[in-house]
$ cat model08.txt   # compact mmCIF, C-alpha atoms and all ligand atoms
# COMPACT_ATOMS: atom_id res chain seq x y z
CA MET A 201 -51.33 32.71 21.55
CA ILE A 202 -53.43 30.32 19.46
CA CYS A 203 -55.96 27.87 20.90
CA ARG A 204 -54.43 24.39 20.60
CA ASN A 205 -57.91 22.93 20.30
CA CYS A 206 -59.68 25.03 17.69
CA GLY A 207 -57.06 27.45 16.38
CA GLU A 208 -58.86 30.60 17.54
CA SER A 209 -56.49 33.39 18.58
CA LEU A 210 -56.51 34.07 22.29
CA ASN A 211 -56.04 37.60 23.50
CA ASP A 212 -57.59 37.77 26.94
CA SER A 213 -55.60 36.34 29.77
CA SER A 214 -55.30 36.67 33.50
CA VAL A 215 -52.31 36.07 35.72
CA ILE A 216 -52.61 34.19 38.99
CA ASP A 217 -49.50 33.22 40.96
CA LYS A 218 -47.05 33.61 38.05
CA VAL A 219 -49.23 31.54 35.77
CA LYS A 220 -50.96 33.21 32.83
CA TYR A 221 -54.30 31.67 31.87
CA PHE A 222 -55.78 32.03 28.42
CA VAL A 223 -59.38 30.90 27.97
CA CYS A 224 -60.66 30.27 24.46
CA SER A 225 -63.94 32.06 23.88
CA SER A 226 -64.95 29.58 21.14
CA CYS A 227 -64.29 26.18 22.73
CA GLY A 228 -63.49 26.84 26.37
CA GLU A 229 -59.98 25.37 26.21
CA VAL A 230 -57.75 26.71 28.99
CA ILE A 231 -54.07 27.21 28.26
CA GLU A 232 -51.69 27.88 31.12
CA VAL A 233 -48.36 29.56 30.58
CA ASP A 234 -45.89 29.38 33.43
CA LEU A 235 -44.36 32.86 33.50
CA ASN A 236 -41.32 31.72 35.41
CA ILE A 237 -38.48 32.15 32.94
CA LYS A 238 -36.81 28.91 31.97
CA GLN A 239 -33.14 28.50 31.30
CA LEU A 240 -32.39 27.15 27.83
CA GLY A 241 -29.11 25.30 27.32
CA PHE A 242 -27.80 22.37 25.36
CA ASN A 243 -25.71 19.25 25.75
CA ILE A 244 -23.94 17.43 22.96
CA LEU A 245 -25.86 14.41 21.79
CA HIS A 246 -23.40 11.87 20.41
CA ARG A 247 -24.77 9.18 18.11
CA LYS A 248 -22.22 6.43 17.88
CA GLU A 249 -21.23 4.96 14.56
CA SER A 250 -22.00 1.36 13.80
CA LYS A 251 -23.10 -0.67 10.80
CA GLY A 252 -25.61 1.36 8.79
CA ILE A 253 -25.60 4.10 11.42
CA HIS A 254 -23.95 7.45 10.84
CA GLU A 255 -22.13 9.07 13.67
CA SER A 256 -23.30 12.54 14.60
CA TYR A 257 -22.87 15.26 17.17
CA SER A 258 -25.88 17.47 17.68
CA ALA A 259 -27.46 19.78 20.20
CA ASP A 260 -29.87 18.32 22.71
CA PHE A 261 -31.61 21.29 24.26
CA THR A 262 -31.92 21.44 28.01
CA ILE A 263 -34.63 23.23 29.94
CA ASP A 264 -33.40 24.20 33.39
CA GLY A 265 -30.68 21.60 32.89
CA LYS A 266 -33.00 18.75 31.88
CA SER A 267 -32.73 17.12 28.46
CA LEU A 268 -35.68 18.17 26.33
CA LEU A 269 -35.31 15.06 24.15
CA THR A 270 -35.59 12.83 27.22
CA THR A 271 -38.68 14.69 28.36
CA LEU A 272 -40.30 14.38 24.93
CA VAL A 273 -39.55 10.70 24.32
CA THR A 274 -40.61 9.81 27.85
CA LYS A 275 -43.95 11.56 27.48
CA ALA A 276 -44.49 10.32 23.91
CA ASP A 277 -43.23 6.84 24.78
CA GLY A 278 -41.11 6.74 21.61
CA HIS A 279 -37.54 5.86 20.59
CA ARG A 280 -34.79 8.38 21.22
CA ASP A 281 -32.69 8.06 18.08
CA PHE A 282 -32.87 11.66 16.91
CA LEU A 283 -30.61 14.40 15.69
CA GLY A 284 -30.85 17.82 17.31
CA CYS A 285 -31.76 20.55 14.81
CA PHE A 286 -28.20 21.88 15.12
CA ALA A 287 -25.61 19.27 14.22
CA LYS A 288 -21.92 19.28 13.43
CA GLY A 289 -21.37 19.28 9.66
CA TRP A 290 -25.06 19.57 8.74
CA ASP A 291 -24.74 23.06 7.25
CA ASN A 292 -28.08 23.28 5.45
CA LEU A 293 -29.97 21.96 8.45
CA ASN A 294 -28.16 24.38 10.74
CA LYS A 295 -28.87 27.43 8.59
CA HIS A 296 -32.49 26.41 8.29
CA SER A 297 -32.86 25.78 12.02
CA LEU A 298 -31.26 29.11 12.89
CA LYS A 299 -33.84 30.99 10.80
CA GLN A 300 -36.64 28.91 12.30
CA LEU A 301 -35.63 29.34 15.91
CA LEU A 302 -34.99 33.06 15.58
CA LEU A 303 -38.28 33.52 13.67
CA GLN A 304 -36.57 34.89 10.56
CA GLN A 305 -38.49 32.48 8.37
CA PRO A 306 -41.92 30.90 8.83
CA PRO A 307 -42.01 27.13 9.47
CA GLU A 308 -42.60 25.02 6.36
CA THR A 309 -44.70 22.47 8.22
CA GLU A 310 -48.44 22.59 7.70
CA SER A 311 -48.93 22.66 11.46
CA GLY A 312 -46.75 25.75 11.90
CA ARG A 313 -44.29 23.90 14.10
CA SER A 314 -40.55 24.26 13.88
CA LEU A 315 -38.62 21.00 14.09
CA ILE A 316 -36.30 20.61 17.06
CA TYR A 317 -35.33 16.92 16.76
CA VAL A 318 -35.15 15.22 13.37
CA CYS A 319 -34.16 11.96 11.67
CA PRO A 320 -30.43 11.32 12.35
CA GLU A 321 -29.91 9.85 8.89
CA CYS A 322 -31.64 12.35 6.60
CA ALA A 323 -33.33 15.07 8.74
CA ASP A 324 -36.48 14.61 6.64
CA ILE A 325 -39.77 15.17 8.45
CA GLY A 326 -41.14 12.06 6.71
CA CYS A 327 -39.08 9.90 9.08
CA GLY A 328 -40.72 11.57 12.08
CA ALA A 329 -39.64 14.59 14.09
CA TYR A 330 -40.42 16.50 17.26
CA GLY A 331 -41.37 20.12 16.89
CA CYS A 332 -43.02 22.99 18.69
CA LYS A 333 -44.53 26.36 17.96
CA ILE A 334 -42.18 29.24 18.54
CA SER A 335 -43.42 32.74 19.19
CA LYS A 336 -41.97 35.97 20.49
CA VAL A 337 -43.99 38.14 22.81
CA GLY A 338 -42.26 41.32 23.90
CA GLU A 339 -38.78 40.39 25.08
CA GLU A 340 -39.56 36.73 25.51
CA TYR A 341 -39.59 33.68 23.28
CA ILE A 342 -42.13 30.96 23.95
CA TRP A 343 -41.93 27.31 22.91
CA SER A 344 -45.32 25.63 23.07
CA GLN A 345 -47.56 22.92 21.62
CA PHE A 346 -44.93 20.22 21.31
CA ALA A 347 -45.82 17.38 18.97
CA TYR A 348 -44.44 14.44 17.06
CA GLU A 349 -45.15 14.75 13.36
CA ASN A 350 -44.19 13.21 10.04
CA GLY A 351 -45.84 15.58 7.57
CA TYR A 352 -48.45 13.12 6.25
CA GLU A 353 -50.39 12.14 9.38
CA GLU A 354 -52.03 14.33 11.99
CA PRO A 355 -49.38 15.59 14.41
CA GLN A 356 -49.46 13.79 17.75
CA PRO A 357 -49.48 16.42 20.49
CA ILE A 358 -47.29 15.69 23.49
CA ARG A 359 -49.56 16.21 26.44
CA ASP A 360 -48.57 17.79 29.72
CA ILE A 361 -45.61 19.79 28.57
CA ASP A 362 -46.18 23.38 29.58
CA PRO A 363 -45.04 26.13 27.26
CA PHE A 364 -41.50 27.32 28.04
CA VAL A 365 -40.74 31.01 28.32
CA PHE A 366 -37.21 32.27 27.66
CA THR A 367 -35.63 35.72 27.93
CA ALA A 368 -34.97 36.95 24.38
CA THR A 369 -31.29 37.92 24.75
CA GLU A 370 -30.34 34.69 26.55
CA TYR A 371 -32.34 32.65 24.06
CA GLU A 372 -30.73 34.31 21.03
CA ASN A 373 -27.23 33.87 22.47
CA LEU A 374 -27.86 30.21 23.18
CA VAL A 375 -29.32 29.53 19.74
CA ASN A 376 -26.32 31.19 18.10
CA ARG A 377 -23.99 29.07 20.21
CA ALA A 378 -25.80 25.88 19.22
CA PHE A 379 -25.62 26.99 15.56
CA ALA A 380 -21.83 27.36 15.86
CA LEU A 381 -21.52 23.80 17.22
ZN ZN B 401 -60.57 27.00 21.17
ZN ZN B 402 -34.62 9.70 7.62

$ encode --input "model08.txt" --output "structure tokens" --more "lines below"
Ligand SMILES: [Zn+2]
Ligand SMILES: [Zn+2]
Amino acid sequence: MICRNCGESLNDSSVIDKVKYFVCSSCGEVIEVDLNIKQLGFNILHRKESKGIHESYSADFTIDGKSLLTTLVTKADGHRDFLGCFAKGWDNLNKHSLKQLLLQQPPETESGRSLIYVCPECADIGCGAYGCKISKVGEEYIWSQFAYENGYEEPQPIRDIDPFVFTATEYENLVNRAFAL
């Protein structure tokens, strides 16, 4: 776990009531990780065709059944016209996302985030995207530090989204299913 404030790596933690607390020894930042395993799923996000708008079908991830895109755009107060990082017919994007989400390839963003929702026209980060840091600890994957970023400005962290913890086998199955969309 990395301190979201100063980037120091955090090793010491204590668990109280199923919540793991990391305290940064450099800056005092406290990071809470809810150890209750979340259920990752996805719904199909259909972008309807109209003038100048390309139709697409992509994966909107769900956390315990709730749309992650809805959660992000609500908290960031932004528009919701995005493409999930797995989308029908977007072969290069899909292959890239698979490697990112299964940690087979390091993220190419400066921030170290993997992109989960991208521009529905070109998938370029320059148009703005939502991403998060993905790590694997033991038999669990963790999604944390969600942010909106465009590659040329400071990422805008999405506040009050706790890290999500997923069971590795369930996570890998789900990601492979989304890839096969
Ligand atoms: Zn710190
Ligand atoms: Zn674009």

$ atom_distance --input "model08.txt" --atom1 "atom CA of A:Arg247" --atom2 "atom CA of A:Lys295"
21.0 Å

$ closest_residue --input "model08.txt" --among "A:Gln345, A:Ser311, A:Ser226, A:Asn211" --to "ligand ZN 401 (chain B)" --atoms "all atoms listed in the file"
A:Ser226

$ closest_atom_pairs --input "model08.txt" --of "stretch 286-311 of chain A" --to "stretch 366-372 of chain A" --cutoff "10 Å" --atoms "only C-alpha atoms" --output "CSV"
residue,atom,partner,partner_atom,distance
A:Leu298,CA,A:Glu372,CA,9.7
A:Leu301,CA,A:Glu372,CA,8.7
A:Leu302,CA,A:Glu372,CA,7.0

$ atom_distance --input "model08.txt" --atom1 "atom CA of A:Ile216" --atom2 "atom CA of A:Gly338"
19.6 Å

$ residues_near_ligand --input "model08.txt" --ligand "ligand ZN 401 (chain B)" --cutoff "10 Å" --atoms "all atoms listed in the file" --output "MDAnalysis selection string"
chainID A and resid 202:210 223:231

$ write_last_selection --input "model08.txt" --atoms "C-alpha atoms" --output "JSON list (two decimals), keeping the file's coordinate frame"
[["chain", "number", "residue", "atom", "x", "y", "z"],
["A", 202, "ILE", "CA", -53.43, 30.32, 19.46],
["A", 203, "CYS", "CA", -55.96, 27.87, 20.90],
["A", 204, "ARG", "CA", -54.43, 24.39, 20.60],
["A", 205, "ASN", "CA", -57.91, 22.93, 20.30],
["A", 206, "CYS", "CA", -59.68, 25.03, 17.69],
["A", 207, "GLY", "CA", -57.06, 27.45, 16.38],
["A", 208, "GLU", "CA", -58.86, 30.60, 17.54],
["A", 209, "SER", "CA", -56.49, 33.39, 18.58],
["A", 210, "LEU", "CA", -56.51, 34.07, 22.29],
["A", 223, "VAL", "CA", -59.38, 30.90, 27.97],
["A", 224, "CYS", "CA", -60.66, 30.27, 24.46],
["A", 225, "SER", "CA", -63.94, 32.06, 23.88],
["A", 226, "SER", "CA", -64.95, 29.58, 21.14],
["A", 227, "CYS", "CA", -64.29, 26.18, 22.73],
["A", 228, "GLY", "CA", -63.49, 26.84, 26.37],
["A", 229, "GLU", "CA", -59.98, 25.37, 26.21],
["A", 230, "VAL", "CA", -57.75, 26.71, 28.99],
["A", 231, "ILE", "CA", -54.07, 27.21, 28.26]]

$ residues_near_ligand --input "model08.txt" --ligand "ligand ZN 402 (chain B)" --cutoff "6 Å" --atoms "all atoms listed in the file" --output "VMD selection string"
chain A and resid 319 321 to 324 327

$ residues_around --input "model08.txt" --residues "A:Ser213" --least-positions-apart "3" --cutoff "7 Å" --atoms "all atoms listed in the file" --output "mmCIF file with C-alpha atoms, in the coordinates of the input"
data_model
loop_
_atom_site.group_PDB
_atom_site.id
_atom_site.type_symbol
_atom_site.label_atom_id
_atom_site.label_comp_id
_atom_site.auth_asym_id
_atom_site.auth_seq_id
_atom_site.Cartn_x
_atom_site.Cartn_y
_atom_site.Cartn_z
ATOM 1 C CA LYS A 220 -50.960 33.210 32.830
ATOM 2 C CA TYR A 221 -54.300 31.670 31.870
ATOM 3 C CA PHE A 222 -55.780 32.030 28.420
ATOM 4 C CA VAL A 223 -59.380 30.900 27.970
#

$ atom_distance --input "model08.txt" --atom1 "atom CA of A:Leu269" --atom2 "atom CA of A:Tyr317"
7.6 Å

$ closest_residue --input "model08.txt" --among "A:Lys288, A:Met201, A:Ser297, A:Asn236" --to "A:Ser335" --atoms "all atoms listed in the file"
A:Met201

$ closest_residue --input "model08.txt" --among "A:Val215, A:Leu381, A:Val375, A:Phe346" --to "A:Thr271" --atoms "only C-alpha atoms"
A:Phe346

$ closest_residue --input "model08.txt" --among "A:Asn373, A:Ser258, A:Ser250, A:Asn243" --to "A:Asp291" --atoms "only C-alpha atoms"
A:Ser258

$ closest_residue --input "model08.txt" --among "A:Gln239, A:Asn376, A:Ala347, A:Asp234" --to "A:Leu272" --atoms "all atoms listed in the file"
A:Ala347

$ closest_residue --input "model08.txt" --among "A:Asp277, A:Glu310, A:Glu232, A:Asp362" --to "A:Glu349" --atoms "all atoms listed in the file"
A:Glu310

$ residues_around --input "model08.txt" --residues "A:Ile325" --least-positions-apart "5" --cutoff "12 Å" --atoms "all atoms listed in the file" --output "list of chain:residue names"
A:Phe282, A:Leu283, A:Cys285, A:Leu293, A:Glu308, A:Thr309, A:Glu310, A:Arg313, A:Ser314, A:Leu315, A:Ile316, A:Tyr317, A:Val318, A:Cys319, A:Pro320, A:Tyr330, A:Gly331, A:Tyr348, A:Glu349, A:Asn350, A:Gly351, A:Tyr352, A:Glu353, A:Pro355
